Amino acid sequence: MLSHGFKINEYDKCVYVKDTEHGYVIVCLYVDDMLIVGSDDKMITSTKNMLNSRFDMKDMGLADVILGIKIKRTSNELILSQSHYVDKILGKFDKDNSGVARTPVDVTLHLSKNKGESVSQVEYSRVIGSLMYLMSCTRPDIAYAVSKLSRYTSNPGAKHWQGIIRVLKYLRFTRDYGLHYTRYPAVIEGYSDANWISNVKDSKSHSGYVFTLGGAAVSWKSSKQTVIARSTMESEFIALDKCGEEVEWLRHFLEDIPRWSKPMPPICIHCDSQSAIGRAQSNMYNGKSRHIRRRHNTIRQLLSTGVISVDYVKSKDNIVDPLTKGLNRELVEKSSRGMGLKPIKE
């Protein structure tokens with residue numbers, strides 16, 4: 001599969017998809033940057049000629065950077081990284097510090113709302129915005145830290161800045177990390193987890209999911225749950241439901257790719273809660289909680305229609321664990337490798 005970058009002097013946002021029995025071409029336009037991805041050189045060339053006849057554009061050749069994400073190719077891997085963007089963040093927000101940290105979260109630092117005056121609120125908002133972009137593109141390992149710290153953007157205090165500095169130190173230590181994709185396994189797998197009410201001052205749990213394809217993460221999320229879970233099982237069940245929502249979107253996306261094998265098999269979601277799995281596979285729900293009943297019906301429908309399957313995974317092997325809580329160095333490194341996130345060899 002080839003991808004080529006372009007510069008276009010138009011502001012039309014559009015997507016062209018051309019499908020023939022010999023291959024396909026997908027054209028993605030982002031304001032003035034565009035990628036062409038295809039399986040046939042002749043189709044790519046004809047697409048270039050068609051676009052060139054309609055727009056004032058410049059062919060930049062094989063894509064190596066798109067939307068601030070570096071693309072590196074090897075004989076058997078495709079690597080996405082943002083080491084240059086990490087340098088930019090550190091130079092802008094932490095240029096006077098040279099320290100490093102091996103984990104993104106200090107588990108001894110307990111955060112709560114700041115009741116005093118805010119500390120550099122505008123600067124805090126800027127660094128959170130930069131970290132969010134980095135996290136959403138290539139760094140799922142900082143998703144939990146950024147999700148947690150972003151809750152205090154309106155009125156940050158000294159402790160919240162300590163959390164920010166910790167993430168920046170971790171980024172300095174992991175500057176050269178990138179997502180390493182290979183050809184196999186060519187199936188999507190999901191991982192779901194939840195951390196039930198870790199803060200006594202907070203009544204809501206934290207959810208996380210990660211989906212991998214070709215050995216690395218392609219979709220991930222770390223977020224606070226919107227409803228109150230009354231037990232560990234309920235929090236895990238809510239997380240499983242959220243994971244199921246993402247499966248439906250991914251499935252529709254893959255079905256639109258002409259050469260993707262069809263019909264698609266169920267996407268397996270790995271969960272470390274046997275009670276939540278048992279609840280999902282049960283035909284009946286006798287509980288009184290309406291929001292759990294609704295989620296139970298949704299998950300049962302996804303299971304019965306072959307959209308998902310649910311499998312048990314040990315907590316120590318659940319790669320989404322760092323998206324729900326702070327972990328020690330060994331577990332952070334193990335989970336990062338499981339998500340395909342590792343140092344880039346020059």
# chains A, B, ... in the order shown; residues from 1 in each chain; ligands from 1

$ residues_around --residues "Pro266 of chain A" --least-positions-apart "2" --cutoff "8 Å" --atoms "only C-alpha atoms" --output "short mmCIF file (atom, residue, chain, number, x, y, z; two decimals) with C-alpha atoms, in the first residue's frame"
data_model
loop_
_atom_site.label_atom_id
_atom_site.label_comp_id
_atom_site.auth_asym_id
_atom_site.auth_seq_id
_atom_site.Cartn_x
_atom_site.Cartn_y
_atom_site.Cartn_z
CA MET A 264 -16.25 -9.46 8.99
CA CYS A 268 -13.00 -9.74 20.17
CA GLY A 306 -21.93 -11.39 15.78
CA VAL A 307 -20.58 -7.86 16.01
CA ILE A 308 -18.44 -8.62 19.08
CA SER A 309 -17.22 -11.50 21.18
#

$ closest_atom_pairs --of "segment 300-329 of chain A" --to "segment 137-142 of chain A" --cutoff "12 Å" --atoms "only C-alpha atoms" --output "tab-separated table"
residue	atom	partner	partner_atom	distance
A:Ile319	CA	A:Asp141	CA	9.9
A:Val320	CA	A:Asp141	CA	9.0
A:Asp321	CA	A:Asp141	CA	9.9
A:Pro322	CA	A:Asp141	CA	6.8
A:Leu323	CA	A:Asp141	CA	7.1
A:Thr324	CA	A:Asp141	CA	10.6
A:Lys325	CA	A:Ile142	CA	10.7
A:Gly326	CA	A:Ile142	CA	10.1
A:Leu327	CA	A:Asp141	CA	10.9
A:Arg329	CA	A:Asp141	CA	12.0

$ closest_residue --among "A:Lys113, A:Arg172, A:His270, A:Lys42" --to "Tyr209 of chain A" --atoms "only C-alpha atoms"
A:His270

$ select_by_dssp --residues "segment 134-237 of chain A" --states "strand (DSSP E or B)" --output "list in words"
Tyr177, Gly178, Leu179, His180, Tyr181, Glu189, Gly190, Tyr191, Ser192, Asp193, Ala194, Asn195, His206, Ser207, Gly208, Tyr209, Val210, Phe211, Thr212, Leu213, Ala216, Ala217, Val218, Ser219, Trp220, Lys221, Ser222, Ser223 and Lys224 of chain A

$ write_last_selection --atoms "N, CA, C and O atoms" --output "mmCIF file, in the first residue's frame"
data_model
loop_
_atom_site.group_PDB
_atom_site.id
_atom_site.type_symbol
_atom_site.label_atom_id
_atom_site.label_comp_id
_atom_site.auth_asym_id
_atom_site.auth_seq_id
_atom_site.Cartn_x
_atom_site.Cartn_y
_atom_site.Cartn_z
ATOM 1 N N TYR A 177 9.523 7.458 21.280
ATOM 2 C CA TYR A 177 8.529 6.397 21.154
ATOM 3 C C TYR A 177 7.657 6.626 19.921
ATOM 4 O O TYR A 177 7.343 7.768 19.557
ATOM 5 N N GLY A 178 7.271 5.522 19.287
ATOM 6 C CA GLY A 178 6.353 5.591 18.155
ATOM 7 C C GLY A 178 5.516 4.336 18.076
ATOM 8 O O GLY A 178 5.843 3.303 18.675
ATOM 9 N N LEU A 179 4.420 4.406 17.348
ATOM 10 C CA LEU A 179 3.557 3.247 17.136
ATOM 11 C C LEU A 179 4.089 2.429 15.967
ATOM 12 O O LEU A 179 4.201 2.941 14.848
ATOM 13 N N HIS A 180 4.414 1.168 16.223
ATOM 14 C CA HIS A 180 5.013 0.284 15.217
ATOM 15 C C HIS A 180 3.964 -0.680 14.664
ATOM 16 O O HIS A 180 3.504 -1.581 15.374
ATOM 17 N N TYR A 181 3.604 -0.493 13.386
ATOM 18 C CA TYR A 181 2.611 -1.356 12.752
ATOM 19 C C TYR A 181 3.297 -2.357 11.817
ATOM 20 O O TYR A 181 4.231 -2.009 11.097
ATOM 21 N N GLU A 189 -8.427 -6.216 17.556
ATOM 22 C CA GLU A 189 -8.730 -6.735 18.881
ATOM 23 C C GLU A 189 -8.940 -5.564 19.827
ATOM 24 O O GLU A 189 -8.262 -4.534 19.716
ATOM 25 N N GLY A 190 -9.863 -5.709 20.748
ATOM 26 C CA GLY A 190 -10.154 -4.647 21.703
ATOM 27 C C GLY A 190 -9.841 -5.056 23.121
ATOM 28 O O GLY A 190 -9.876 -6.244 23.468
ATOM 29 N N TYR A 191 -9.524 -4.063 23.950
ATOM 30 C CA TYR A 191 -9.253 -4.276 25.372
ATOM 31 C C TYR A 191 -10.049 -3.243 26.155
ATOM 32 O O TYR A 191 -10.034 -2.050 25.830
ATOM 33 N N SER A 192 -10.747 -3.718 27.181
ATOM 34 C CA SER A 192 -11.600 -2.846 27.985
ATOM 35 C C SER A 192 -11.222 -2.956 29.461
ATOM 36 O O SER A 192 -10.860 -4.031 29.936
ATOM 37 N N ASP A 193 -11.335 -1.827 30.184
ATOM 38 C CA ASP A 193 -11.020 -1.853 31.614
ATOM 39 C C ASP A 193 -11.682 -0.653 32.291
ATOM 40 O O ASP A 193 -12.078 0.314 31.643
ATOM 41 N N ALA A 194 -11.794 -0.756 33.607
ATOM 42 C CA ALA A 194 -12.334 0.341 34.408
ATOM 43 C C ALA A 194 -11.673 0.328 35.775
ATOM 44 O O ALA A 194 -11.242 -0.720 36.261
ATOM 45 N N ASN A 195 -11.596 1.493 36.386
ATOM 46 C CA ASN A 195 -11.078 1.631 37.744
ATOM 47 C C ASN A 195 -12.195 2.218 38.593
ATOM 48 O O ASN A 195 -12.594 3.363 38.410
ATOM 49 N N HIS A 206 -13.494 5.413 36.253
ATOM 50 C CA HIS A 206 -12.766 5.799 35.044
ATOM 51 C C HIS A 206 -12.718 4.617 34.086
ATOM 52 O O HIS A 206 -12.417 3.493 34.487
ATOM 53 N N SER A 207 -13.041 4.858 32.824
ATOM 54 C CA SER A 207 -13.053 3.812 31.794
ATOM 55 C C SER A 207 -11.902 3.996 30.820
ATOM 56 O O SER A 207 -11.387 5.107 30.643
ATOM 57 N N GLY A 208 -11.545 2.902 30.162
ATOM 58 C CA GLY A 208 -10.548 2.980 29.109
ATOM 59 C C GLY A 208 -10.724 1.844 28.122
ATOM 60 O O GLY A 208 -11.199 0.764 28.485
ATOM 61 N N TYR A 209 -10.386 2.104 26.855
ATOM 62 C CA TYR A 209 -10.336 1.014 25.877
ATOM 63 C C TYR A 209 -9.208 1.278 24.890
ATOM 64 O O TYR A 209 -8.783 2.420 24.673
ATOM 65 N N VAL A 210 -8.709 0.191 24.297
ATOM 66 C CA VAL A 210 -7.689 0.242 23.257
ATOM 67 C C VAL A 210 -8.030 -0.807 22.211
ATOM 68 O O VAL A 210 -8.401 -1.938 22.557
ATOM 69 N N PHE A 211 -7.913 -0.440 20.942
ATOM 70 C CA PHE A 211 -8.055 -1.401 19.851
ATOM 71 C C PHE A 211 -6.741 -1.459 19.089
ATOM 72 O O PHE A 211 -6.129 -0.418 18.807
ATOM 73 N N THR A 212 -6.310 -2.675 18.770
ATOM 74 C CA THR A 212 -5.051 -2.858 18.048
ATOM 75 C C THR A 212 -5.302 -3.510 16.695
ATOM 76 O O THR A 212 -6.244 -4.276 16.515
ATOM 77 N N LEU A 213 -4.426 -3.191 15.756
ATOM 78 C CA LEU A 213 -4.443 -3.787 14.426
ATOM 79 C C LEU A 213 -3.020 -3.782 13.893
ATOM 80 O O LEU A 213 -2.346 -2.753 13.943
ATOM 81 N N ALA A 216 -0.301 -2.789 16.737
ATOM 82 C CA ALA A 216 -0.245 -1.495 17.436
ATOM 83 C C ALA A 216 -1.638 -0.898 17.563
ATOM 84 O O ALA A 216 -2.578 -1.288 16.862
ATOM 85 N N ALA A 217 -1.762 0.081 18.456
ATOM 86 C CA ALA A 217 -3.053 0.710 18.739
ATOM 87 C C ALA A 217 -3.528 1.550 17.559
ATOM 88 O O ALA A 217 -2.749 2.290 16.953
ATOM 89 N N VAL A 218 -4.805 1.428 17.243
ATOM 90 C CA VAL A 218 -5.424 2.241 16.190
ATOM 91 C C VAL A 218 -6.543 3.114 16.742
ATOM 92 O O VAL A 218 -6.986 4.061 16.094
ATOM 93 N N SER A 219 -7.029 2.793 17.942
ATOM 94 C CA SER A 219 -8.084 3.583 18.576
ATOM 95 C C SER A 219 -7.976 3.397 20.083
ATOM 96 O O SER A 219 -7.739 2.285 20.553
ATOM 97 N N TRP A 220 -8.141 4.496 20.835
ATOM 98 C CA TRP A 220 -8.055 4.406 22.290
ATOM 99 C C TRP A 220 -8.789 5.570 22.927
ATOM 100 O O TRP A 220 -9.007 6.617 22.316
ATOM 101 N N LYS A 221 -9.194 5.360 24.167
ATOM 102 C CA LYS A 221 -9.877 6.421 24.907
ATOM 103 C C LYS A 221 -9.751 6.177 26.397
ATOM 104 O O LYS A 221 -9.824 5.048 26.869
ATOM 105 N N SER A 222 -9.566 7.247 27.136
ATOM 106 C CA SER A 222 -9.542 7.218 28.598
ATOM 107 C C SER A 222 -10.456 8.334 29.071
ATOM 108 O O SER A 222 -10.240 9.503 28.749
ATOM 109 N N SER A 223 -11.500 7.986 29.825
ATOM 110 C CA SER A 223 -12.461 9.013 30.214
ATOM 111 C C SER A 223 -13.175 8.653 31.502
ATOM 112 O O SER A 223 -13.280 7.481 31.885
ATOM 113 N N LYS A 224 -13.682 9.673 32.153
ATOM 114 C CA LYS A 224 -14.482 9.498 33.357
ATOM 115 C C LYS A 224 -15.877 9.021 32.964
ATOM 116 O O LYS A 224 -16.461 9.510 31.994
#

$ atom_distance --atom1 "atom CA of Ser75 of chain A" --atom2 "atom CA of Lys345 of chain A"
13.1 Å

$ residues_around --residues "Ser118 of chain A" --least-positions-apart "3" --cutoff "10 Å" --atoms "only C-alpha atoms" --output "list in words"
Asn114, Lys115, Gln121, Val122, Tyr124, Tyr152, Thr153, Ser154, Asn155, Pro156, Gly157 and Ala158 of chain A

$ residues_around --residues "Gly99 of chain A" --least-positions-apart "2" --cutoff "12 Å" --atoms "only C-alpha atoms" --output "list in words"
Leu90, Asp94, Lys95, Asp96, Asn97, Ala101, Arg102, Ile165, Arg166, Val167, Leu168, Lys169, Tyr170, Leu171, Arg172 and Phe173 of chain A

$ write_last_selection --atoms "N, CA, C and O atoms" --output "tab-separated table (two decimals), in the first residue's frame"
chain	number	residue	atom	x	y	z
A	90	LEU	N	8.21	20.48	24.92
A	90	LEU	CA	9.20	20.64	25.99
A	90	LEU	C	9.90	21.99	25.88
A	90	LEU	O	10.18	22.64	26.89
A	94	ASP	N	8.64	23.55	29.11
A	94	ASP	CA	9.51	22.96	30.13
A	94	ASP	C	10.98	23.09	29.73
A	94	ASP	O	11.79	22.18	29.97
A	95	LYS	N	11.36	24.21	29.15
A	95	LYS	CA	12.71	24.36	28.62
A	95	LYS	C	13.78	24.48	29.69
A	95	LYS	O	14.96	24.23	29.44
A	96	ASP	N	13.40	24.84	30.91
A	96	ASP	CA	14.38	25.02	31.98
A	96	ASP	C	14.55	23.77	32.83
A	96	ASP	O	15.27	23.79	33.83
A	97	ASN	N	13.90	22.69	32.44
A	97	ASN	CA	13.96	21.44	33.22
A	97	ASN	C	14.61	20.36	32.39
A	97	ASN	O	14.34	20.23	31.20
A	101	ALA	N	11.13	11.20	33.94
A	101	ALA	CA	10.31	10.30	34.77
A	101	ALA	C	9.98	9.08	33.94
A	101	ALA	O	9.79	9.17	32.72
A	102	ARG	N	9.89	7.94	34.57
A	102	ARG	CA	9.66	6.68	33.85
A	102	ARG	C	8.18	6.31	33.77
A	102	ARG	O	7.83	5.33	33.11
A	165	ILE	N	4.03	18.74	35.04
A	165	ILE	CA	5.49	18.58	34.97
A	165	ILE	C	5.87	17.11	34.92
A	165	ILE	O	6.81	16.71	34.22
A	166	ARG	N	5.12	16.27	35.65
A	166	ARG	CA	5.41	14.84	35.64
A	166	ARG	C	5.23	14.27	34.22
A	166	ARG	O	6.07	13.48	33.74
A	167	VAL	N	4.15	14.65	33.54
A	167	VAL	CA	3.93	14.17	32.18
A	167	VAL	C	5.03	14.66	31.25
A	167	VAL	O	5.53	13.89	30.40
A	168	LEU	N	5.46	15.91	31.39
A	168	LEU	CA	6.51	16.45	30.55
A	168	LEU	C	7.83	15.71	30.78
A	168	LEU	O	8.58	15.44	29.83
A	169	LYS	N	8.12	15.38	32.02
A	169	LYS	CA	9.33	14.61	32.32
A	169	LYS	C	9.27	13.22	31.69
A	169	LYS	O	10.27	12.70	31.19
A	170	TYR	N	8.07	12.63	31.72
A	170	TYR	CA	7.90	11.31	31.10
A	170	TYR	C	8.09	11.40	29.59
A	170	TYR	O	8.69	10.51	28.97
A	171	LEU	N	7.58	12.46	28.98
A	171	LEU	CA	7.74	12.64	27.54
A	171	LEU	C	9.21	12.83	27.18
A	171	LEU	O	9.65	12.37	26.12
A	172	ARG	N	9.97	13.50	28.05
A	172	ARG	CA	11.39	13.65	27.79
A	172	ARG	C	12.08	12.29	27.80
A	172	ARG	O	12.97	12.01	26.98
A	173	PHE	N	11.66	11.41	28.71
A	173	PHE	CA	12.25	10.08	28.82
A	173	PHE	C	11.83	9.19	27.63
A	173	PHE	O	12.61	8.34	27.18

$ select_by_dssp --residues "segment 101-211 of chain A" --states "alpha helix (DSSP H)" --output "ChimeraX atom specification"
/A:121-137,143-149,158-173

$ atom_distance --atom1 "atom CA of Ser336 of chain A" --atom2 "atom CA of His160 of chain A"
24.4 Å

$ atom_distance --atom1 "atom CA of Lys204 of chain A" --atom2 "atom CA of Leu302 of chain A"
25.5 Å

$ residues_around --residues "Lys314 of chain A" --least-positions-apart "6" --cutoff "10 Å" --atoms "only C-alpha atoms" --output "PyMOL selection string"
chain A and resi 270-274

$ write_last_selection --atoms "N, CA, C and O atoms" --output "PDB file, in the first residue's frame"
ATOM      1  N   HIS A 270     -11.295  -7.991  24.922  1.00  0.00           N
ATOM      2  CA  HIS A 270     -10.704  -8.646  26.081  1.00  0.00           C
ATOM      3  C   HIS A 270     -11.034  -7.832  27.338  1.00  0.00           C
ATOM      4  O   HIS A 270     -10.817  -6.615  27.369  1.00  0.00           O
ATOM      5  N   CYS A 271     -11.540  -8.502  28.340  1.00  0.00           N
ATOM      6  CA  CYS A 271     -11.957  -7.859  29.589  1.00  0.00           C
ATOM      7  C   CYS A 271     -11.396  -8.651  30.764  1.00  0.00           C
ATOM      8  O   CYS A 271     -11.372  -9.891  30.724  1.00  0.00           O
ATOM      9  N   ASP A 272     -10.941  -7.963  31.811  1.00  0.00           N
ATOM     10  CA  ASP A 272     -10.334  -8.664  32.949  1.00  0.00           C
ATOM     11  C   ASP A 272     -11.309  -8.883  34.108  1.00  0.00           C
ATOM     12  O   ASP A 272     -10.897  -9.224  35.221  1.00  0.00           O
ATOM     13  N   SER A 273     -12.593  -8.690  33.848  1.00  0.00           N
ATOM     14  CA  SER A 273     -13.619  -8.912  34.875  1.00  0.00           C
ATOM     15  C   SER A 273     -14.512 -10.075  34.463  1.00  0.00           C
ATOM     16  O   SER A 273     -15.333  -9.946  33.550  1.00  0.00           O
ATOM     17  N   GLN A 274     -14.349 -11.220  35.123  1.00  0.00           N
ATOM     18  CA  GLN A 274     -15.174 -12.383  34.797  1.00  0.00           C
ATOM     19  C   GLN A 274     -16.647 -12.142  35.130  1.00  0.00           C
ATOM     20  O   GLN A 274     -17.540 -12.660  34.452  1.00  0.00           O
TER      21      GLN A 274
END

$ closest_residue --among "A:Asn318, A:Arg230, A:Thr74, A:Leu303" --to "Gly244 of chain A" --atoms "only C-alpha atoms"
A:Leu303

$ closest_residue --among "A:Ser136, A:Ser304, A:Leu109, A:Lys48" --to "Ile69 of chain A" --atoms "only C-alpha atoms"
A:Ser136

$ closest_residue --among "A:Thr103, A:Val247, A:His110, A:Glu123" --to "Lys334 of chain A" --atoms "only C-alpha atoms"
A:Thr103

$ closest_residue --among "A:Val146, A:Leu341, A:Ala280, A:Val313" --to "Asn297 of chain A" --atoms "only C-alpha atoms"
A:Ala280

$ closest_residue --among "A:Leu80, A:Ala276, A:Leu35, A:Arg175" --to "Val100 of chain A" --atoms "only C-alpha atoms"
A:Arg175

$ decode --residues "segment 230-295 of chain A" --atoms "C-alpha atoms" --output "compact mmCIF listing (two decimals), in the first residue's frame"
# COMPACT_ATOMS: atom_id res chain seq x y z
CA ARG A 230 -22.33 0.85 42.51
CA SER A 231 -19.74 -1.92 42.21
CA THR A 232 -16.59 -2.98 40.39
CA MET A 233 -18.70 -5.18 38.11
CA GLU A 234 -20.93 -2.28 37.12
CA SER A 235 -17.96 -0.02 36.35
CA GLU A 236 -16.41 -2.78 34.19
CA PHE A 237 -19.76 -3.31 32.48
CA ILE A 238 -20.09 0.40 31.67
CA ALA A 239 -16.58 0.33 30.21
CA LEU A 240 -17.47 -2.74 28.13
CA ASP A 241 -20.52 -0.94 26.75
CA LYS A 242 -18.42 2.07 25.76
CA CYS A 243 -15.97 -0.29 24.07
CA GLY A 244 -18.86 -1.85 22.16
CA GLU A 245 -19.86 1.56 20.79
CA GLU A 246 -16.37 1.99 19.33
CA VAL A 247 -16.54 -1.50 17.80
CA GLU A 248 -19.62 -0.50 15.81
CA TRP A 249 -17.86 2.57 14.41
CA LEU A 250 -14.69 0.64 13.54
CA ARG A 251 -16.72 -2.10 11.90
CA HIS A 252 -18.60 0.35 9.67
CA PHE A 253 -15.30 2.03 8.75
CA LEU A 254 -13.61 -1.25 7.78
CA GLU A 255 -16.63 -2.42 5.79
CA ASP A 256 -16.20 0.65 3.57
CA ILE A 257 -12.67 -0.43 2.60
CA PRO A 258 -13.11 -2.34 -0.69
CA ARG A 259 -10.43 -4.99 -0.17
CA TRP A 260 -11.14 -5.69 3.48
CA SER A 261 -12.26 -9.30 3.83
CA LYS A 262 -16.02 -9.72 4.21
CA PRO A 263 -18.11 -10.77 5.97
CA MET A 264 -16.25 -9.46 8.99
CA PRO A 265 -15.85 -11.84 11.93
CA PRO A 266 -16.81 -10.63 15.43
CA ILE A 267 -14.31 -8.21 16.95
CA CYS A 268 -13.00 -9.74 20.17
CA ILE A 269 -13.00 -7.53 23.27
CA HIS A 270 -10.70 -8.65 26.08
CA CYS A 271 -11.96 -7.86 29.59
CA ASP A 272 -10.33 -8.66 32.95
CA SER A 273 -13.62 -8.91 34.87
CA GLN A 274 -15.17 -12.38 34.80
CA SER A 275 -18.31 -11.07 36.53
CA ALA A 276 -18.81 -8.42 33.82
CA ILE A 277 -18.30 -11.05 31.10
CA GLY A 278 -20.79 -13.36 32.83
CA ARG A 279 -23.31 -10.53 33.03
CA ALA A 280 -22.81 -9.71 29.34
CA GLN A 281 -23.35 -13.31 28.27
CA SER A 282 -26.42 -13.79 30.46
CA ASN A 283 -29.81 -13.54 28.78
CA MET A 284 -31.44 -12.02 31.83
CA TYR A 285 -30.71 -8.97 33.97
CA ASN A 286 -32.61 -8.80 37.26
CA GLY A 287 -30.97 -5.70 38.69
CA LYS A 288 -32.79 -2.45 39.44
CA SER A 289 -30.33 -0.10 37.74
CA ARG A 290 -31.88 1.25 34.54
CA HIS A 291 -28.60 2.39 32.98
CA ILE A 292 -27.08 -1.08 33.50
CA ARG A 293 -30.21 -2.72 32.06
CA ARG A 294 -29.97 -0.56 28.94
CA ARG A 295 -26.27 -1.36 28.51
